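Asks: Just passing along the structure, written as structure tokens.
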Amino acid sequence: MEKAADRAAQKAAEKAAKKAAKHVSVQNRFTKKHVRRFIVSIFLYLVLFDLAFVFLYPFITMIIDSLKSDADLVNITVKWIPSSLEWGNYQVAFKGLDYFKITDSFPFVGGFLMNSLLVTAIATIGHTFVCAFIGYGFARYKFPGKTVFFGCVILSMLVPTQVLIFPLYIMFSGWGWLNTYLPLLVPCFFGFGLRGGFYIFLFRQFFMGLPYEMEEAARIDGCGALKTFFKIMLPMSRSSILVCTVLSIVWHWNDYFEPSIYLTRRPDLALLPSRLPAMYAALNQVASEAENVSLNSNVVVNQAICMASTFLVILPLLIAYMFVQKQFMEGVERSGLTGM
Amino acid sequence: MAENQKATTKAKEPKAKKTRKPMKIKTRRSLEGLMFVTPWLIGAAVFFVFPLLTSIRLSFSELTSMKGFQMKWNGIDNYKYLFERSTTYIPNFLTEVKDTLIDTPITLVFSLIIAMLVNRDIKGRGFFRTVFFLPVLLGTGYVMEVLLSSEMNGVISIPSGLLQAIGASFAELVTGFLSRITTVLWKSGVQIILFLAGLQGISASLYEASRVDGATEWENFWKITLPLVSPIILLNFVYTMIDSFTDSGNAIMSDIEHCFNNGALARGASMGWFYFAFTFIVCIVVLAVMSRLTFNQGER
């Protein structure tokens with residue numbers, strides 16, 4: 001697919017080059033440059049659209065599958081265009097996930113969506129600011145034990161939570177933190193938690209890329225270390241803060257392993273993604289009861305509703321990313337203007 | 001925030017001392033550095049050291065009772081089992097190492113190219129940026145797992161006539177390569193966005209100056225873009241490697257999870273720790289080598 005597109009682009013380029021050669025003999029050199037740039041940009045867009053298709057593929061499949069009826073899902077000939085659009089799938093998914101349900105124990109408006117929003121927001125704020133702070137220390141200062149500490153940061157990145165979950169569970173149960181959000185939130189404010197080490201590493205690398213002169217000037221003018229960090233370095237590291245925020249939001253939102261371990265006794269506190277496996281199980285059970293067969297738990301019966309509910313789960317993320325993405329573009333222009 | 005308050009109280013320490021006796025700049029600087037990493041040190045002491053040590057100890061012991069996590073030290077028995085009796089561990093281990101070594105450079109090259117493409121002044125930049133990040137949004141979710149397992153080969157396909165022409169074994173190689181590229185691309189969203197942020201940090205005036213001096217885009221890439229984005233290359237290198245090593249879909253990690261789910265905690269821990277020790281050493285070597293190569297604006 002890609003190769004074919006590349007070849008087509010090459011042919012197009014050759015043709016255009018021949019055409020351009022004819023033109024050039026008559027017209028001035030400006031056009032030659034113009035044509036060349038045109039060809040390059042066509043080639044660029046071909047590559048981009050080609051890549052975009054590969055990236056869009058899982059997403060498109062999800063949306064199309066979510067709108068298919070059962071008959072269409074089984075039918076192999078129906079791949080891209082469903083015979084009818086089943087918006088009802090979304091209704092079922094919406095109810096099944098308890099998207100906006102009001103619970104007694106949770107006083108705020110909204111159900112599991114609100115839970116997810118709250119946890120993600122707090123954890124992201126913690127991760128972004130604290131990891132920027134720590135990362136700055138690792139990037140700019142020399143102190144005893146720095147290499148060992150940084151090695152530990154890498155180690156904390158590397159060891160997955162799955163391996164540490166048993167000791168962590170015992171520790172948190174000893175503190176009475178189980179069935180609350182504390183085990184998910186508090187470590188984020190100390191550079192741990194979900195991929196905390198990665199954010200520290202991220203900020204270290206980005207701060208290392210910033211020029212040193214500004215801080216030096218500030219220090220000579222008598223600006224303290226903290227003030228230098230908050231007034232000079234943080235405002236300068238706009239793009240790294242954005243990246244950290246985006247990644248932190250996405251990972252916290254999609255995380256279902258830790259919440260499912262710590263929040264077992266309080267289903268009302270569950271987060272949106274943790275609702276998915278339960279929903280699949282429920283759907284499977286309904287199906288197996290209907291057909292009187294016992295199904296393997298790995299077999300997903302009602303795929304359309306599963307896809308619809310998955311889409312509903314990531315929908316807030318999608319909306320959030322579209323907004324943040326614009327910030328990225330503004331970032332370019334601004335950093336260009338200041339001549340940083 | 002609690003940390004910041006803690007940090008401020010810590011910051012006062014050196015200042016208070018200063019009034020009594022002027023401090024050496026070097027000591028002062030290292031105290032300031034320690035102040036910045038204080039939140040992490042507290043976090044490590046509270047949330048990291050105990051679970052880590054318990055898990056390592058578990059890998060050298062036998063779990064006698066789940067209640068209260070009672071362990072009996074039994075030396076390297078768990079590790080012996082892995083090497084002498086387990087038939088799957090070593091082959092899986094080698095496969096994972098090989099996969100990581102192949103995938104990491106491919107991911108880095110592709111994501112840097114894509115990031116540079118969407119960093120250009122093109123129409124629909126926002127659209128492309130959103131598209132290239134979509135797999136990350138789906139990322140850890142259920143959908144990606146389904147798609148990765150079943151429909152991987154469906155995205156990029158070669159015409160069957162061509163397949164026959166080039167012969168079955170070679171065709172298999174090509175399809176294998178293409179499906180690998182697809183998986184790699186889907187997993188490179190994070191790397192793309194990191195590179196994008198790195199590229200945005202490079203001042204436009206540098207490119208302007210070099211253009212005025214008559215440099216070509218090719219020269220700009222090697223002399224400006226690559227050195228300035230090199231810290232991010234290191235970041236992505238380590239991230240990609242760790243992500244590939246600890247991907248929950250890979251054979252070793254699913255073996256570990258299988259052990260944990262079936263109550264064989266000690267064996268799972270020993271499987272994990274041998275693997276992590278190896279990956280940790282690889283990461284440290286990469287860090288040490290790459291740190292020398294990366295262009296660093298100033299560490300003092």
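Chains: A, B, ... in order of the structure tokens. Residues: from 1 per chain. Ligands: from 1, in order shown.
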Please provide the set of residues having any atom within 12 Å of stretch 254-268 of chain B, restricted to only C-alpha atoms, with same-chain residues fewer than 6 positions apart removed, written as a PyMOL selection string.

Replies: (chain A and resi 160-167+257) or (chain B and resi 54-66+69-82+86+88-90+92-93+96+245-248+274-276)

Asks: Export, as a PDB file, in the first residue's frame, the selected residues with C-alpha atoms.

Replies:
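Full text of result-v7.pdb as output:
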ATOM      1  CA  PRO A 160       5.841  -2.544  36.201  1.00  0.00           C
ATOM      2  CA  THR A 161       3.182  -2.053  38.858  1.00  0.00           C
ATOM      3  CA  GLN A 162       2.031  -5.621  38.347  1.00  0.00           C
ATOM      4  CA  VAL A 163       5.197  -6.863  40.050  1.00  0.00           C
ATOM      5  CA  LEU A 164       4.992  -4.475  42.995  1.00  0.00           C
ATOM      6  CA  ILE A 165       1.253  -4.673  43.466  1.00  0.00           C
ATOM      7  CA  PHE A 166       1.241  -7.250  46.294  1.00  0.00           C
ATOM      8  CA  PRO A 167       3.592  -5.398  48.668  1.00  0.00           C
ATOM      9  CA  PHE A 257      -5.190  -2.136  36.519  1.00  0.00           C
TER      10      PHE A 257
ATOM     11  CA  THR B  54       9.824  -7.058  49.355  1.00  0.00           C
ATOM     12  CA  SER B  55       9.447  -8.102  45.756  1.00  0.00           C
ATOM     13  CA  ILE B  56      13.153  -8.857  45.400  1.00  0.00           C
ATOM     14  CA  ARG B  57      13.148 -10.798  48.658  1.00  0.00           C
ATOM     15  CA  LEU B  58      10.123 -12.716  47.448  1.00  0.00           C
ATOM     16  CA  SER B  59      12.045 -13.820  44.393  1.00  0.00           C
ATOM     17  CA  PHE B  60      14.564 -15.540  46.701  1.00  0.00           C
ATOM     18  CA  SER B  61      11.970 -17.120  48.962  1.00  0.00           C
ATOM     19  CA  GLU B  62       9.009 -19.386  49.152  1.00  0.00           C
ATOM     20  CA  LEU B  63       5.655 -17.977  50.109  1.00  0.00           C
ATOM     21  CA  THR B  64       4.468 -19.971  53.088  1.00  0.00           C
ATOM     22  CA  SER B  65       1.295 -18.078  53.806  1.00  0.00           C
ATOM     23  CA  MET B  66      -0.606 -15.417  51.915  1.00  0.00           C
ATOM     24  CA  PHE B  69       2.822 -12.330  53.429  1.00  0.00           C
ATOM     25  CA  GLN B  70       4.987 -14.878  55.288  1.00  0.00           C
ATOM     26  CA  MET B  71       8.107 -15.846  53.407  1.00  0.00           C
ATOM     27  CA  LYS B  72      10.759 -18.499  53.850  1.00  0.00           C
ATOM     28  CA  TRP B  73      14.184 -17.821  52.407  1.00  0.00           C
ATOM     29  CA  ASN B  74      15.225 -20.502  49.977  1.00  0.00           C
ATOM     30  CA  GLY B  75      18.187 -18.977  48.186  1.00  0.00           C
ATOM     31  CA  ILE B  76      18.358 -19.172  44.454  1.00  0.00           C
ATOM     32  CA  ASP B  77      15.966 -22.097  44.043  1.00  0.00           C
ATOM     33  CA  ASN B  78      13.443 -20.034  42.107  1.00  0.00           C
ATOM     34  CA  TYR B  79      16.127 -18.875  39.712  1.00  0.00           C
ATOM     35  CA  LYS B  80      17.501 -22.387  39.356  1.00  0.00           C
ATOM     36  CA  TYR B  81      14.068 -23.522  38.289  1.00  0.00           C
ATOM     37  CA  LEU B  82      13.966 -20.911  35.533  1.00  0.00           C
ATOM     38  CA  SER B  86      11.500 -24.153  32.666  1.00  0.00           C
ATOM     39  CA  THR B  88       9.783 -21.518  27.931  1.00  0.00           C
ATOM     40  CA  TYR B  89      11.589 -18.892  29.975  1.00  0.00           C
ATOM     41  CA  ILE B  90      14.931 -18.655  28.177  1.00  0.00           C
ATOM     42  CA  ASN B  92      10.891 -16.184  25.492  1.00  0.00           C
ATOM     43  CA  PHE B  93      13.551 -14.047  27.079  1.00  0.00           C
ATOM     44  CA  GLU B  96      11.832 -10.349  23.717  1.00  0.00           C
ATOM     45  CA  PHE B 245      10.380  -4.834  27.366  1.00  0.00           C
ATOM     46  CA  THR B 246       7.472  -4.372  29.759  1.00  0.00           C
ATOM     47  CA  ASP B 247       4.644  -4.440  27.241  1.00  0.00           C
ATOM     48  CA  SER B 248       1.866  -6.481  28.807  1.00  0.00           C
ATOM     49  CA  PHE B 274      15.986 -11.646  36.341  1.00  0.00           C
ATOM     50  CA  TYR B 275      14.346  -9.954  33.389  1.00  0.00           C
ATOM     51  CA  PHE B 276      14.305  -6.491  34.987  1.00  0.00           C
TER      52      PHE B 276
END

Asks: Restricting the calculation to only C-alpha atoms: of A:Pro183, A:Pro259, A:Gly196, A:Pro211, which residue gets closest to chain B?

Replies: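 Selected residue with least distance to chain B: A:Pro211.
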
Asks: Out of B:Val109, B:Ala115, B:Ile242, B:Leu53, which residue has the shortest atom-to-atom distance to chain A when counting only C-alpha atoms?

Replies: B:Ile242

Asks: So which residues touch A:Met307 within 9 Å, counting only C-alpha atoms, skipping near sequence neighbours fewer than 4 positions away, as a list in words?

Replies: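 So the residues in contact are Met62, Ile63, Ile64, Asp65, Ser66, Leu67, Asn89, Ala93, Asn302, Gln303, Phe311 and Leu312 of chain A; Val143 of chain B.
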
Asks: So what do you get for atom CA of A:Ile241 versus atom CA of A:Val54, distance-wise?

Replies: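 Rounded to one decimal, the two atoms are 28.4 Å apart.
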
Asks: From the options A:Ile261, A:Ile249, A:Leu210, A:Leu178, which residue's atoms come nearest to chain B, counting only C-alpha atoms?

Replies: A:Leu210

Asks: Considering only C-alpha atoms, state which residue in the set B:Leu108, B:Val118, B:Leu226, B:Leu293 is at the smallest distance from chain A.

Replies: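 Using only C-alpha atoms, chain A sits closest to B:Val118.
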
Asks: If you measure from atom CA of A:Leu272 to atom CA of A:Leu247, what distance in Å do you get, rounded to one decimal?

Replies: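 Calculated distance between atom CA of A:Leu272 and atom CA of A:Leu247 is 17.8 Å.
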
Asks: Please report the interatomic distance between atom CA of A:Cys188 and atom CA of A:Cys223 in Å with one decimal.

Replies: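 Straight-line distance from atom CA of A:Cys188 to atom CA of A:Cys223 works out to 28.9 Å.
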
Asks: Run DSSP on the backbone of this structure and report the residues of stretch 173-264 of chain A it assigns to helix (DSSP H, G or I), as JSON, numbers by chain.

Replies: {"A": [173, 174, 182, 183, 184, 185, 186, 187, 188, 189, 190, 196, 197, 198, 199, 200, 201, 202, 203, 204, 205, 206, 207, 208, 209, 213, 214, 215, 216, 217, 218, 219, 220, 225, 226, 227, 228, 229, 230, 231, 232, 233, 234, 235, 236, 238, 239, 240, 241, 242, 243, 244, 245, 246, 247, 248, 249, 250, 251, 252, 253, 254, 257, 258, 259, 260, 261, 262]}

Asks: Would you mind exporting the chosen residues as a PDB file, in the first residue's frame, restricted to C-alpha atoms?

Replies:
ATOM      1  CA  SER A 173      -4.218  -1.711  53.494  1.00  0.00           C
ATOM      2  CA  GLY A 174      -2.075  -1.157  56.593  1.00  0.00           C
ATOM      3  CA  LEU A 182      -5.475   7.933  47.938  1.00  0.00           C
ATOM      4  CA  PRO A 183      -3.276   5.094  46.554  1.00  0.00           C
ATOM      5  CA  LEU A 184      -3.896   6.422  43.069  1.00  0.00           C
ATOM      6  CA  LEU A 185      -3.354  10.089  43.853  1.00  0.00           C
ATOM      7  CA  VAL A 186      -0.806  10.559  46.634  1.00  0.00           C
ATOM      8  CA  PRO A 187       2.185   8.854  44.909  1.00  0.00           C
ATOM      9  CA  CYS A 188       1.692  11.204  41.957  1.00  0.00           C
ATOM     10  CA  PHE A 189       2.625  14.130  44.179  1.00  0.00           C
ATOM     11  CA  PHE A 190       5.986  12.532  44.944  1.00  0.00           C
ATOM     12  CA  GLY A 196       5.996   8.885  37.464  1.00  0.00           C
ATOM     13  CA  GLY A 197       9.633   8.078  36.721  1.00  0.00           C
ATOM     14  CA  PHE A 198       9.023   8.664  33.056  1.00  0.00           C
ATOM     15  CA  TYR A 199       7.810  12.226  33.631  1.00  0.00           C
ATOM     16  CA  ILE A 200      10.876  13.007  35.724  1.00  0.00           C
ATOM     17  CA  PHE A 201      13.070  11.689  32.935  1.00  0.00           C
ATOM     18  CA  LEU A 202      11.037  13.671  30.397  1.00  0.00           C
ATOM     19  CA  PHE A 203      11.469  16.955  32.235  1.00  0.00           C
ATOM     20  CA  ARG A 204      15.163  16.277  32.854  1.00  0.00           C
ATOM     21  CA  GLN A 205      15.752  15.831  29.130  1.00  0.00           C
ATOM     22  CA  PHE A 206      13.735  18.906  28.173  1.00  0.00           C
ATOM     23  CA  PHE A 207      15.413  21.122  30.760  1.00  0.00           C
ATOM     24  CA  MET A 208      18.793  19.900  29.559  1.00  0.00           C
ATOM     25  CA  GLY A 209      17.896  21.179  26.117  1.00  0.00           C
ATOM     26  CA  GLU A 213      22.342  31.739  30.072  1.00  0.00           C
ATOM     27  CA  MET A 214      18.970  32.870  31.434  1.00  0.00           C
ATOM     28  CA  GLU A 215      19.433  31.116  34.767  1.00  0.00           C
ATOM     29  CA  GLU A 216      22.973  32.379  35.061  1.00  0.00           C
ATOM     30  CA  ALA A 217      21.811  35.939  34.498  1.00  0.00           C
ATOM     31  CA  ALA A 218      19.063  35.472  37.073  1.00  0.00           C
ATOM     32  CA  ARG A 219      21.519  34.075  39.606  1.00  0.00           C
ATOM     33  CA  ILE A 220      23.913  36.949  39.114  1.00  0.00           C
ATOM     34  CA  ALA A 225      16.886  28.829  43.068  1.00  0.00           C
ATOM     35  CA  LEU A 226      13.145  28.454  43.633  1.00  0.00           C
ATOM     36  CA  LYS A 227      12.307  31.793  42.129  1.00  0.00           C
ATOM     37  CA  THR A 228      14.480  31.029  39.111  1.00  0.00           C
ATOM     38  CA  PHE A 229      12.616  27.790  38.625  1.00  0.00           C
ATOM     39  CA  PHE A 230       9.106  29.181  38.982  1.00  0.00           C
ATOM     40  CA  LYS A 231       9.594  32.534  37.247  1.00  0.00           C
ATOM     41  CA  ILE A 232      12.046  31.652  34.499  1.00  0.00           C
ATOM     42  CA  MET A 233      12.339  27.947  33.793  1.00  0.00           C
ATOM     43  CA  LEU A 234       8.675  26.924  34.103  1.00  0.00           C
ATOM     44  CA  PRO A 235       7.369  29.579  31.728  1.00  0.00           C
ATOM     45  CA  MET A 236      10.105  28.610  29.269  1.00  0.00           C
ATOM     46  CA  ARG A 238       5.692  25.359  27.912  1.00  0.00           C
ATOM     47  CA  SER A 239       5.880  22.570  25.378  1.00  0.00           C
ATOM     48  CA  SER A 240       7.264  19.975  27.790  1.00  0.00           C
ATOM     49  CA  ILE A 241       4.548  20.806  30.319  1.00  0.00           C
ATOM     50  CA  LEU A 242       1.968  20.357  27.570  1.00  0.00           C
ATOM     51  CA  VAL A 243       3.374  16.987  26.572  1.00  0.00           C
ATOM     52  CA  CYS A 244       3.532  15.805  30.155  1.00  0.00           C
ATOM     53  CA  THR A 245      -0.039  16.932  30.758  1.00  0.00           C
ATOM     54  CA  VAL A 246      -1.332  15.198  27.648  1.00  0.00           C
ATOM     55  CA  LEU A 247       0.445  11.921  28.349  1.00  0.00           C
ATOM     56  CA  SER A 248      -0.488  11.958  32.009  1.00  0.00           C
ATOM     57  CA  ILE A 249      -4.148  12.575  31.218  1.00  0.00           C
ATOM     58  CA  VAL A 250      -4.238   9.790  28.647  1.00  0.00           C
ATOM     59  CA  TRP A 251      -2.477   7.219  30.796  1.00  0.00           C
ATOM     60  CA  HIS A 252      -4.422   7.976  33.948  1.00  0.00           C
ATOM     61  CA  TRP A 253      -7.660   7.929  32.052  1.00  0.00           C
ATOM     62  CA  ASN A 254      -6.972   4.591  30.390  1.00  0.00           C
ATOM     63  CA  PHE A 257      -5.190  -2.136  36.519  1.00  0.00           C
ATOM     64  CA  GLU A 258      -4.494  -0.181  39.717  1.00  0.00           C
ATOM     65  CA  PRO A 259      -8.041   1.156  40.211  1.00  0.00           C
ATOM     66  CA  SER A 260      -9.426  -2.344  39.793  1.00  0.00           C
ATOM     67  CA  ILE A 261      -7.095  -3.591  42.562  1.00  0.00           C
ATOM     68  CA  TYR A 262      -7.525  -0.792  45.076  1.00  0.00           C
TER      69      TYR A 262
END

Asks: Here is a test: counting only C-alpha atoms, which residue of A:Phe323, A:Phe150, A:Tyr141, A:Phe53 is nearest to chain B?

Replies: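 When distances to chain B are compared using only C-alpha atoms, the smallest one comes from A:Tyr141.
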